[in-house]
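Next comes run-v4.tsv, with TSV, C-alpha atoms and all ligand atoms.
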chain	number	residue	atom	x	y	z
N	1	MET	CA	31.14	7.43	-74.11
N	2	LYS	CA	30.93	5.47	-70.85
N	3	LYS	CA	28.71	6.73	-68.04
N	4	ASN	CA	27.55	5.63	-64.59
N	5	ILE	CA	23.81	5.85	-64.16
N	6	LEU	CA	21.94	5.64	-60.90
N	7	VAL	CA	18.43	4.27	-61.36
N	8	ILE	CA	15.93	5.11	-58.62
N	9	PRO	CA	12.69	3.35	-59.58
N	10	GLY	CA	10.77	4.53	-56.47
N	11	ASP	CA	7.13	3.70	-55.80
N	12	GLY	CA	3.96	2.64	-57.58
N	13	ILE	CA	4.35	2.71	-61.35
N	14	GLY	CA	7.90	4.09	-60.98
N	15	PRO	CA	9.66	0.72	-61.42
N	16	GLU	CA	7.49	-0.27	-64.44
N	17	VAL	CA	8.11	2.90	-66.41
N	18	THR	CA	11.77	3.22	-65.40
N	19	THR	CA	12.45	-0.27	-66.80
N	20	TRP	CA	11.60	1.14	-70.24
N	21	GLY	CA	13.54	4.36	-69.80
N	22	LYS	CA	16.58	2.28	-68.93
N	23	ALA	CA	15.99	-0.13	-71.84
N	24	VAL	CA	15.84	2.76	-74.32
N	25	LEU	CA	18.97	4.33	-72.79
N	26	GLU	CA	20.84	1.08	-73.40
N	27	LYS	CA	19.35	0.47	-76.84
N	28	ILE	CA	20.39	3.89	-78.13
N	29	GLY	CA	23.75	3.39	-76.42
N	30	SER	CA	24.26	0.13	-78.30
N	31	ILE	CA	23.49	1.87	-81.63
N	32	TYR	CA	25.89	4.76	-81.04
N	33	GLY	CA	28.60	2.89	-79.13
N	34	HIS	CA	27.90	4.27	-75.63
N	35	THR	CA	28.13	2.02	-72.60
N	36	PHE	CA	26.60	2.40	-69.19
N	37	SER	CA	27.18	0.91	-65.80
N	38	PHE	CA	24.05	0.91	-63.66
N	39	ASP	CA	23.53	1.07	-59.95
N	40	GLU	CA	20.20	1.18	-58.14
N	41	GLY	CA	19.00	3.21	-55.15
N	42	LEU	CA	15.95	3.29	-52.90
N	43	MET	CA	13.82	6.38	-52.40
N	44	GLY	CA	10.26	7.09	-51.29
N	45	HIS	CA	7.85	4.66	-49.66
N	46	VAL	CA	9.98	1.62	-50.60
N	47	ALA	CA	12.94	3.24	-48.84
N	48	ILE	CA	10.85	4.04	-45.74
N	49	GLU	CA	9.72	0.42	-45.56
N	50	ALA	CA	13.28	-0.87	-45.93
N	51	THR	CA	15.27	1.68	-43.91
N	52	GLY	CA	12.89	4.01	-42.05
N	53	THR	CA	13.90	7.04	-44.13
N	54	SER	CA	12.74	8.19	-47.58
N	55	LEU	CA	16.27	9.01	-48.78
N	56	PRO	CA	18.88	6.61	-47.37
N	57	ASP	CA	22.48	7.90	-47.17
N	58	ASP	CA	23.53	5.12	-49.51
N	59	THR	CA	21.22	6.43	-52.29
N	60	LEU	CA	22.47	9.99	-51.82
N	61	ALA	CA	26.11	8.88	-51.94
N	62	LYS	CA	25.48	6.89	-55.13
N	63	ALA	CA	23.62	9.87	-56.63
N	64	LYS	CA	26.54	12.21	-55.97
N	65	ALA	CA	28.96	9.73	-57.54
N	66	SER	CA	26.94	9.07	-60.71
N	67	ASP	CA	26.95	10.87	-64.08
N	68	ALA	CA	23.15	11.01	-64.32
N	69	ILE	CA	20.12	9.78	-62.42
N	70	LEU	CA	17.03	8.15	-63.88
N	71	PHE	CA	14.14	8.37	-61.45
N	72	GLY	CA	10.59	6.99	-61.52
N	73	ALA	CA	8.14	8.35	-58.94
N	74	VAL	CA	7.48	8.58	-55.22
N	75	GLY	CA	4.28	8.45	-53.21
N	76	HIS	CA	1.84	6.09	-51.57
N	77	ILE	CA	-1.87	6.30	-50.89
N	78	LYS	CA	-1.17	5.38	-47.25
N	79	TYR	CA	0.32	8.84	-46.59
N	80	ASP	CA	-2.43	10.67	-48.49
N	81	ASN	CA	-4.88	9.21	-46.00
N	82	ASP	CA	-2.64	10.05	-43.05
N	83	PRO	CA	-1.78	13.76	-43.23
N	84	SER	CA	-0.06	13.62	-39.84
N	85	ALA	CA	2.60	11.09	-40.95
N	86	LYS	CA	5.98	12.58	-40.07
N	87	VAL	CA	8.07	10.51	-42.50
N	88	ARG	CA	6.76	10.80	-46.07
N	89	PRO	CA	7.95	9.52	-49.48
N	90	GLU	CA	8.09	13.01	-51.06
N	91	GLN	CA	10.63	14.17	-48.45
N	92	GLY	CA	13.24	12.00	-50.14
N	93	LEU	CA	12.62	13.64	-53.50
N	94	LEU	CA	12.84	17.16	-52.07
N	95	LYS	CA	15.99	16.26	-50.12
N	96	ILE	CA	17.84	14.79	-53.08
N	97	ARG	CA	17.01	17.90	-55.19
N	98	LYS	CA	18.35	20.15	-52.42
N	99	GLU	CA	21.44	18.04	-51.71
N	100	LEU	CA	22.38	17.91	-55.40
N	101	GLY	CA	21.62	21.62	-55.90
N	102	LEU	CA	19.07	20.87	-58.64
N	103	TYR	CA	17.41	24.25	-58.70
N	104	ALA	CA	16.12	24.23	-62.29
N	105	ASN	CA	13.45	21.81	-63.40
N	106	LEU	CA	12.95	21.84	-67.17
N	107	ARG	CA	9.58	20.57	-68.32
N	108	PRO	CA	9.11	20.68	-72.09
N	109	ILE	CA	5.53	20.45	-73.31
N	110	MET	CA	6.21	18.38	-76.42
N	111	LEU	CA	3.08	18.01	-78.45
N	112	PHE	CA	3.09	15.04	-80.81
N	113	ASP	CA	0.72	15.75	-83.73
N	114	GLU	CA	-0.74	12.27	-83.43
N	115	LEU	CA	-2.02	13.13	-79.96
N	116	LEU	CA	-3.93	16.26	-80.93
N	117	ASN	CA	-7.14	14.34	-80.43
N	118	ALA	CA	-6.08	12.80	-77.11
N	119	SER	CA	-6.43	16.18	-75.41
N	120	SER	CA	-9.73	17.54	-74.23
N	121	LEU	CA	-8.68	20.85	-75.80
N	122	LYS	CA	-9.51	21.61	-79.44
N	123	PRO	CA	-6.77	20.58	-81.94
N	124	GLU	CA	-6.81	24.05	-83.57
N	125	ILE	CA	-5.99	25.61	-80.19
N	126	LEU	CA	-3.19	23.12	-79.55
N	127	LYS	CA	-1.47	22.69	-82.91
N	128	GLY	CA	1.97	24.28	-82.94
N	129	THR	CA	2.26	24.53	-79.14
N	130	ASP	CA	5.84	24.15	-77.91
N	131	ILE	CA	6.50	25.37	-74.38
N	132	LEU	CA	9.54	24.94	-72.17
N	133	PHE	CA	8.79	25.44	-68.49
N	134	PHE	CA	11.49	26.33	-65.99
N	135	ARG	CA	10.18	25.44	-62.56
N	136	GLU	CA	12.36	26.68	-59.69
N	137	LEU	CA	12.97	23.54	-57.65
N	138	THR	CA	14.79	24.13	-54.37
N	139	GLY	CA	12.99	27.12	-52.82
N	140	ASP	CA	9.46	28.37	-52.07
N	141	VAL	CA	6.98	26.87	-49.59
N	142	TYR	CA	8.42	23.42	-50.32
N	143	PHE	CA	11.51	24.27	-48.27
N	144	GLY	CA	10.37	27.09	-45.96
N	145	GLU	CA	9.86	26.43	-42.27
N	146	LYS	CA	6.71	24.48	-41.40
N	147	THR	CA	4.80	24.90	-38.17
N	148	ARG	CA	1.80	23.23	-36.67
N	149	GLY	CA	0.19	24.86	-33.63
N	150	ASP	CA	-3.06	24.42	-31.78
N	151	GLY	CA	-5.63	24.84	-34.54
N	152	PHE	CA	-3.30	26.49	-37.06
N	153	SER	CA	-0.43	25.65	-39.38
N	154	SER	CA	1.94	27.55	-41.65
N	155	ASP	CA	4.41	27.00	-44.49
N	156	LEU	CA	6.89	29.78	-45.01
N	157	MET	CA	7.04	30.98	-48.62
N	158	ILE	CA	10.56	32.29	-48.99
N	159	TYR	CA	12.77	33.27	-51.93
N	160	HIS	CA	16.25	34.74	-51.94
N	161	LYS	CA	17.45	37.00	-54.73
N	162	TYR	CA	20.20	34.57	-55.79
N	163	GLU	CA	17.66	31.75	-56.17
N	164	VAL	CA	15.55	33.78	-58.58
N	165	GLU	CA	18.61	35.08	-60.43
N	166	ARG	CA	20.06	31.66	-61.21
N	167	ILE	CA	16.80	30.13	-62.51
N	168	ALA	CA	16.10	33.32	-64.49
N	169	LYS	CA	19.51	33.07	-66.18
N	170	LYS	CA	18.89	29.45	-67.14
N	171	ALA	CA	15.49	30.37	-68.59
N	172	TYR	CA	16.85	33.37	-70.52
N	173	GLU	CA	19.71	31.28	-71.94
N	174	ALA	CA	17.09	28.84	-73.25
N	175	ALA	CA	14.95	31.68	-74.61
N	176	MET	CA	17.98	32.96	-76.56
N	177	VAL	CA	18.23	29.70	-78.52
N	178	ARG	CA	14.47	29.28	-78.87
N	179	GLY	CA	11.90	31.93	-79.77
N	180	LYS	CA	13.47	34.83	-77.80
N	181	LYS	CA	10.27	35.08	-75.77
N	182	LEU	CA	9.99	34.56	-72.02
N	183	CYS	CA	6.98	34.69	-69.73
N	184	SER	CA	7.61	34.97	-66.00
N	185	VAL	CA	4.69	33.79	-63.90
N	186	ASP	CA	4.13	35.14	-60.38
N	187	LYS	CA	1.50	36.60	-58.07
N	188	ALA	CA	3.13	39.98	-57.56
N	189	ASN	CA	-0.20	41.71	-56.89
N	190	VAL	CA	-0.48	39.75	-53.63
N	191	LEU	CA	2.74	38.01	-52.59
N	192	GLU	CA	5.93	39.69	-51.36
N	193	THR	CA	8.00	36.75	-52.66
N	194	SER	CA	6.49	37.39	-56.09
N	195	ARG	CA	7.38	41.09	-55.92
N	196	LEU	CA	11.03	40.10	-55.30
N	197	TRP	CA	10.71	37.50	-58.07
N	198	ARG	CA	9.46	40.14	-60.53
N	199	GLU	CA	12.14	42.69	-59.57
N	200	VAL	CA	14.90	40.12	-60.10
N	201	ILE	CA	13.46	38.97	-63.43
N	202	GLN	CA	13.28	42.62	-64.56
N	203	ASP	CA	16.96	43.01	-63.62
N	204	VAL	CA	18.11	39.82	-65.34
N	205	ALA	CA	16.05	40.78	-68.42
N	206	LYS	CA	18.39	43.74	-68.95
N	207	GLN	CA	21.20	41.27	-69.76
N	208	TYR	CA	19.02	39.75	-72.51
N	209	PRO	CA	17.59	42.74	-74.44
N	210	GLU	CA	16.80	40.55	-77.47
N	211	VAL	CA	14.34	38.50	-75.43
N	212	GLU	CA	10.78	39.79	-75.20
N	213	THR	CA	9.79	39.50	-71.52
N	214	GLU	CA	6.24	39.27	-70.27
N	215	HIS	CA	5.10	39.09	-66.63
N	216	MET	CA	1.87	37.25	-65.93
N	217	PHE	CA	-0.07	36.47	-62.76
N	218	ILE	CA	-0.41	32.77	-62.03
N	219	ASP	CA	-4.22	32.83	-62.18
N	220	ASN	CA	-4.14	34.47	-65.61
N	221	ALA	CA	-1.40	32.07	-66.79
N	222	ALA	CA	-3.49	29.07	-65.73
N	223	MET	CA	-6.34	30.40	-67.85
N	224	GLN	CA	-4.21	31.45	-70.86
N	225	LEU	CA	-2.57	28.05	-70.94
N	226	VAL	CA	-5.77	26.35	-71.97
N	227	LYS	CA	-7.19	29.31	-73.92
N	228	ASN	CA	-4.16	30.05	-76.07
N	229	PRO	CA	-1.17	27.79	-75.27
N	230	LYS	CA	0.66	28.87	-78.44
N	231	LYS	CA	1.30	32.29	-76.91
N	232	PHE	CA	3.89	30.74	-74.57
N	233	ASP	CA	7.47	29.78	-75.42
N	234	VAL	CA	9.80	29.78	-72.37
N	235	VAL	CA	7.96	30.07	-69.06
N	236	VAL	CA	9.82	30.61	-65.79
N	237	THR	CA	8.08	30.32	-62.47
N	238	ALA	CA	8.38	29.42	-58.81
N	239	ASN	CA	8.31	25.92	-57.35
N	240	LEU	CA	4.64	25.71	-56.32
N	241	PHE	CA	3.27	27.55	-59.36
N	242	GLY	CA	5.41	25.41	-61.68
N	243	ASP	CA	4.30	22.19	-60.05
N	244	ILE	CA	0.64	23.04	-60.60
N	245	LEU	CA	0.93	24.77	-63.98
N	246	THR	CA	2.84	21.90	-65.60
N	247	ASP	CA	0.30	19.31	-64.48
N	248	GLU	CA	-2.29	21.51	-66.18
N	249	ALA	CA	-0.03	21.81	-69.24
N	250	SER	CA	0.24	18.03	-69.47
N	251	GLN	CA	-3.32	18.07	-70.80
N	252	ILE	CA	-2.02	19.95	-73.84
N	253	ALA	CA	0.28	16.99	-74.53
N	254	GLY	CA	-2.62	14.57	-73.98
N	255	SER	CA	-1.65	13.06	-70.64
N	256	MET	CA	0.58	13.28	-67.57
N	257	GLY	CA	2.09	10.11	-68.98
N	258	MET	CA	3.69	12.10	-71.80
N	259	LEU	CA	5.68	14.71	-69.88
N	260	ALA	CA	9.37	14.28	-69.16
N	261	SER	CA	11.58	16.47	-67.01
N	262	ALA	CA	15.21	17.30	-66.35
N	263	SER	CA	16.43	18.77	-63.07
N	264	ILE	CA	19.76	20.53	-63.33
N	265	GLY	CA	21.89	22.94	-61.37
N	266	ASP	CA	25.09	22.37	-59.43
N	267	GLY	CA	25.16	18.56	-59.24
N	268	THR	CA	24.36	15.38	-61.16
N	269	GLY	CA	21.41	15.78	-63.56
N	270	PHE	CA	18.19	14.10	-62.50
N	271	PHE	CA	15.70	12.87	-65.10
N	272	GLU	CA	12.15	11.85	-64.32
N	273	PRO	CA	8.62	11.80	-65.67
N	274	ILE	CA	6.50	14.57	-64.12
N	275	HIS	CA	3.84	12.07	-63.09
N	276	GLY	CA	3.65	10.55	-59.65
N	277	SER	CA	3.36	6.96	-58.43
N	278	ALA	CA	-0.25	6.34	-59.63
N	279	HIS	CA	-0.89	3.53	-57.17
N	280	ASP	CA	-4.32	2.90	-58.65
N	281	ILE	CA	-2.70	1.36	-61.74
N	282	ALA	CA	0.60	0.14	-60.28
N	283	GLY	CA	1.64	-3.40	-61.15
N	284	GLN	CA	-1.10	-3.77	-63.77
N	285	ASP	CA	0.98	-3.10	-66.91
N	286	LYS	CA	-1.20	-0.05	-67.65
N	287	ALA	CA	1.22	2.84	-67.08
N	288	ASN	CA	2.46	4.93	-69.99
N	289	PRO	CA	6.28	4.50	-70.24
N	290	LEU	CA	6.71	7.37	-72.73
N	291	ALA	CA	7.43	10.07	-70.12
N	292	SER	CA	10.28	7.96	-68.73
N	293	ILE	CA	11.55	7.24	-72.25
N	294	LEU	CA	11.39	10.94	-73.14
N	295	SER	CA	13.22	11.73	-69.89
N	296	VAL	CA	16.06	9.60	-71.23
N	297	ALA	CA	16.04	11.72	-74.41
N	298	LEU	CA	16.53	14.75	-72.13
N	299	MET	CA	19.35	12.89	-70.37
N	300	TYR	CA	21.14	12.29	-73.67
N	301	GLU	CA	20.73	15.91	-74.70
N	302	ILE	CA	21.26	17.77	-71.43
N	303	ALA	CA	23.53	15.53	-69.34
N	304	PHE	CA	25.65	14.18	-72.19
N	305	GLY	CA	25.22	16.86	-74.91
N	306	LEU	CA	24.21	14.19	-77.46
N	307	LYS	CA	21.45	15.77	-79.55
N	308	GLU	CA	21.33	13.14	-82.28
N	309	GLU	CA	20.76	10.33	-79.79
N	310	ALA	CA	18.07	12.40	-78.09
N	311	LYS	CA	16.32	13.04	-81.40
N	312	ARG	CA	16.48	9.35	-82.25
N	313	ILE	CA	14.41	8.70	-79.11
N	314	THR	CA	11.80	11.40	-79.75
N	315	ASP	CA	11.58	10.19	-83.37
N	316	ALA	CA	11.02	6.62	-82.14
N	317	VAL	CA	8.19	7.82	-79.90
N	318	ASP	CA	6.72	9.83	-82.78
N	319	LYS	CA	6.93	6.83	-85.12
N	320	THR	CA	5.26	4.57	-82.56
N	321	LEU	CA	2.42	7.04	-82.16
N	322	LYS	CA	2.14	7.51	-85.94
N	323	ALA	CA	1.80	3.72	-86.25
N	324	GLY	CA	-1.31	4.10	-84.09
N	325	TYR	CA	-0.04	2.56	-80.84
N	326	ARG	CA	-1.36	4.05	-77.61
N	327	THR	CA	-1.45	3.31	-73.91
N	328	GLY	CA	-4.89	3.71	-72.33
N	329	ASP	CA	-4.27	7.28	-71.12
N	330	ILE	CA	-3.64	8.61	-74.64
N	331	ALA	CA	-6.17	6.50	-76.54
N	332	ASP	CA	-9.29	8.17	-77.92
N	333	SER	CA	-12.50	6.97	-79.52
N	334	ASN	CA	-10.73	6.63	-82.92
N	335	THR	CA	-7.94	4.40	-81.59
N	336	ASP	CA	-7.89	0.88	-83.00
N	337	LYS	CA	-8.62	-1.24	-79.91
N	338	ALA	CA	-5.97	-3.77	-80.98
N	339	LYS	CA	-3.36	-0.98	-80.77
N	340	ILE	CA	-4.04	-0.05	-77.16
N	341	LEU	CA	-0.99	-1.44	-75.42
N	342	GLY	CA	0.25	-2.04	-71.91
N	343	THR	CA	3.49	-0.65	-70.48
N	344	THR	CA	5.64	-3.54	-71.69
N	345	ALA	CA	4.29	-3.71	-75.24
N	346	MET	CA	4.54	0.08	-75.62
N	347	GLY	CA	8.15	0.05	-74.39
N	348	GLN	CA	8.97	-2.74	-76.84
N	349	LYS	CA	7.34	-0.87	-79.75
N	350	VAL	CA	9.45	2.21	-79.09
N	401	LIG	N1	8.12	11.73	-60.84
N	401	LIG	C1	7.59	12.79	-60.06
N	401	LIG	C2	7.04	12.40	-58.74
N	401	LIG	O1	7.33	11.35	-58.22
N	401	LIG	N2	6.26	13.28	-58.18
N	401	LIG	C3	5.69	13.08	-56.90
N	401	LIG	C4	5.69	14.33	-56.06
N	401	LIG	O2	5.02	14.36	-55.07
N	401	LIG	N3	6.44	15.33	-56.45
N	401	LIG	C5	6.54	16.55	-55.76
N	401	LIG	C6	7.28	17.52	-56.59
N	401	LIG	O3	7.54	17.26	-57.77
N	401	LIG	O4	7.64	18.57	-56.09
Would you kindly transcribe this structure into structure tokens?
Ligand code: GGG
Amino acid sequence: MKKNILVIPGDGIGPEVTTWGKAVLEKIGSIYGHTFSFDEGLMGHVAIEATGTSLPDDTLAKAKASDAILFGAVGHIKYDNDPSAKVRPEQGLLKIRKELGLYANLRPIMLFDELLNASSLKPEILKGTDILFFRELTGDVYFGEKTRGDGFSSDLMIYHKYEVERIAKKAYEAAMVRGKKLCSVDKANVLETSRLWREVIQDVAKQYPEVETEHMFIDNAAMQLVKNPKKFDVVVTANLFGDILTDEASQIAGSMGMLASASIGDGTGFFEPIHGSAHDIAGQDKANPLASILSVALMYEIAFGLKEEAKRITDAVDKTLKAGYRTGDIADSNTDKAKILGTTAMGQKV
């Protein structure tokens, strides 16, 4: 297999972790006889600094022409302290998702047994948890009209039937090959968009009678996730709810630094860790590269249909953790201090 990969390292710790995702992509390629040609694109704060826009046309054109995209993170503290900034790093990320039609963001909560103690939740609550989140990615308040008036502001929360239908179908298809259990998370007791969401899910559910469907309010889901995470299998939810819920779920896996994601839909698949740019640790060789590495496992499996290669990567991560190696974010009081590694050493171990 020969594929063209666009690497978008982005901001903060993005370049550090993406280096290791790319290295693992190539390493596995060399074992199985796959070759890659790489191109690089700017996005986020680095793109704003260089071109004045967070998603230059050149990056978008390269993205459309590639077979898969490996992305790091966007964001910069400068914009967090300046809420009125008109041009922002995250705009590039939202625009590329929309332009490529990447409406389904898959976020598996892979729990490595070795990390049961890295979580603040009790191991007996966590053990056996295996959740696959489907976060809708190109609708909701993220894309609705924004207004700012004199002393007020608004973000339009909007969903169309077709947007809910297509993410629901993706989630049900996954449920069919997993535990035949799907939980749809909404806020249908309050929000009109959620009432449409629920109606559409109920309709799509009829096409998948073997799948047990549950509807849950977002507030309850947030609570159940830490109380009894094992009750979930496939979870499908809207953009905003999915963004928040999966950050919460990362604590099941031990750290934000462990969660990979795949964005799919109409265009080129886009693979990225769920974490952001973490400027507080950028450039210090402290970031956990495992989410980027696991994103490459998702790329092998989802973009290229190569399950064995994907498993080889998750096995390598598992083996590294079993050997006791940890980055700071997943170390606990029992970790051998000599085995707490930086980004580079952890990437090399994998
Ligand atoms: N790698 C994920 C990332 O860079 N996240 C930053 C962010 O602000 N994301 C917004 C979103 O995922 O909707």
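Proximity of N:Lys231, N:His275, N:Lys22, N:Lys286 to ligand LIG 401 (chain N), computed with all atoms listed in the file, is greatest for N:His275.
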Next item on the list: List the neighbours of stretch 152-168 of chain N out to 8 Å using all atoms listed in the file; skip same-chain residues closer than 2 positions along the sequence, and give me the result as an MDAnalysis selection string.
Entry: chainID N and resid 103:104 134 136 139:150 170:172 193 196:197 200:201 204 236
Checklist line | Within 8 Å of ligand LIG 401 (chain N), counting all atoms listed in the file, residues as a PyMOL selection string | finding: chain N and resi 10+14+71-75+89-90+93-94+137+142+239-240+243+272-277
Notebook entry, point to check: When you draw a straight line from atom CA of N:Gly151 to atom CA of N:Phe241, how long is it in Å?
Noted result: 26.5 Å
Next item on the list: Write out as a PyMOL selection string each polymer residue whose atoms come within 8 Å of stretch 297-304 of chain N, counting all atoms listed in the file; drop sequence neighbours fewer than 6 positions from it.
Entry: chain N and resi 67-68+260-262+269+271+310-311+313-314
Notebook entry, point to check: Any idea what the distance is between atom CA of N:Ser54 and atom CA of N:Gly12?
Noted result: 14.4 Å
Note to self: Could you tell me how far atom CA of N:Arg135 sits from atom CA of N:Met216, in Å to one decimal place?
What the structure shows: 14.8 Å
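Proximity to N:Lys307 was assessed for N:Gly324, N:Lys64, N:Leu245, N:Tyr32 counting only C-alpha atoms; the smallest distance is recorded for N:Tyr32.
Summary of the local environment: counting all atoms listed in the file, residues at most 9 Å from N:Ile5, other than itself and those fewer than 6 positions away along its chain, are Phe36, Ser37, Phe38, Asp39, Glu40, Ala63, Ser66, Asp67, Ala68, Ile69 and Leu70 of chain N.
Summary of the local environment: counting all atoms listed in the file, residues at most 9 Å from N:Lys181, other than itself and those fewer than 4 positions away along its chain, are Tyr172, Ala175, Met176, Glu210, Val211, Glu212, Thr213, Glu214, Phe232, Asp233, Val234 and Val235 of chain N.
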Can I get stretch 141-154 of chain N with N, CA and C atoms filled in, as a tab-separated table (two decimals), keeping the file's coordinate frame?
chain	number	residue	atom	x	y	z
N	141	VAL	N	7.61	27.50	-50.77
N	141	VAL	CA	6.98	26.87	-49.59
N	141	VAL	C	7.43	25.42	-49.39
N	142	TYR	N	7.98	24.82	-50.43
N	142	TYR	CA	8.42	23.42	-50.32
N	142	TYR	C	9.54	23.28	-49.30
N	143	PHE	N	10.34	24.36	-49.15
N	143	PHE	CA	11.51	24.27	-48.27
N	143	PHE	C	11.46	25.24	-47.10
N	144	GLY	N	10.47	26.14	-47.07
N	144	GLY	CA	10.37	27.09	-45.96
N	144	GLY	C	9.94	26.37	-44.68
N	145	GLU	N	10.17	27.04	-43.57
N	145	GLU	CA	9.86	26.43	-42.27
N	145	GLU	C	8.37	26.09	-42.16
N	146	LYS	N	8.09	24.92	-41.58
N	146	LYS	CA	6.71	24.48	-41.40
N	146	LYS	C	6.38	24.47	-39.92
N	147	THR	N	5.19	24.97	-39.58
N	147	THR	CA	4.80	24.90	-38.17
N	147	THR	C	3.40	24.34	-38.06
N	148	ARG	N	3.15	23.72	-36.96
N	148	ARG	CA	1.80	23.23	-36.67
N	148	ARG	C	1.52	23.59	-35.22
N	149	GLY	N	0.53	24.47	-35.00
N	149	GLY	CA	0.19	24.86	-33.63
N	149	GLY	C	-1.18	24.32	-33.28
N	150	ASP	N	-1.75	24.88	-32.24
N	150	ASP	CA	-3.06	24.42	-31.78
N	150	ASP	C	-4.13	25.06	-32.67
N	151	GLY	N	-4.59	24.33	-33.65
N	151	GLY	CA	-5.63	24.84	-34.54
N	151	GLY	C	-5.10	25.73	-35.66
N	152	PHE	N	-3.81	25.74	-35.89
N	152	PHE	CA	-3.30	26.49	-37.06
N	152	PHE	C	-2.04	25.80	-37.58
N	153	SER	N	-1.68	26.16	-38.81
N	153	SER	CA	-0.43	25.65	-39.38
N	153	SER	C	0.09	26.68	-40.36
N	154	SER	N	1.39	26.61	-40.67
N	154	SER	CA	1.94	27.55	-41.65
N	154	SER	C	3.10	26.93	-42.40
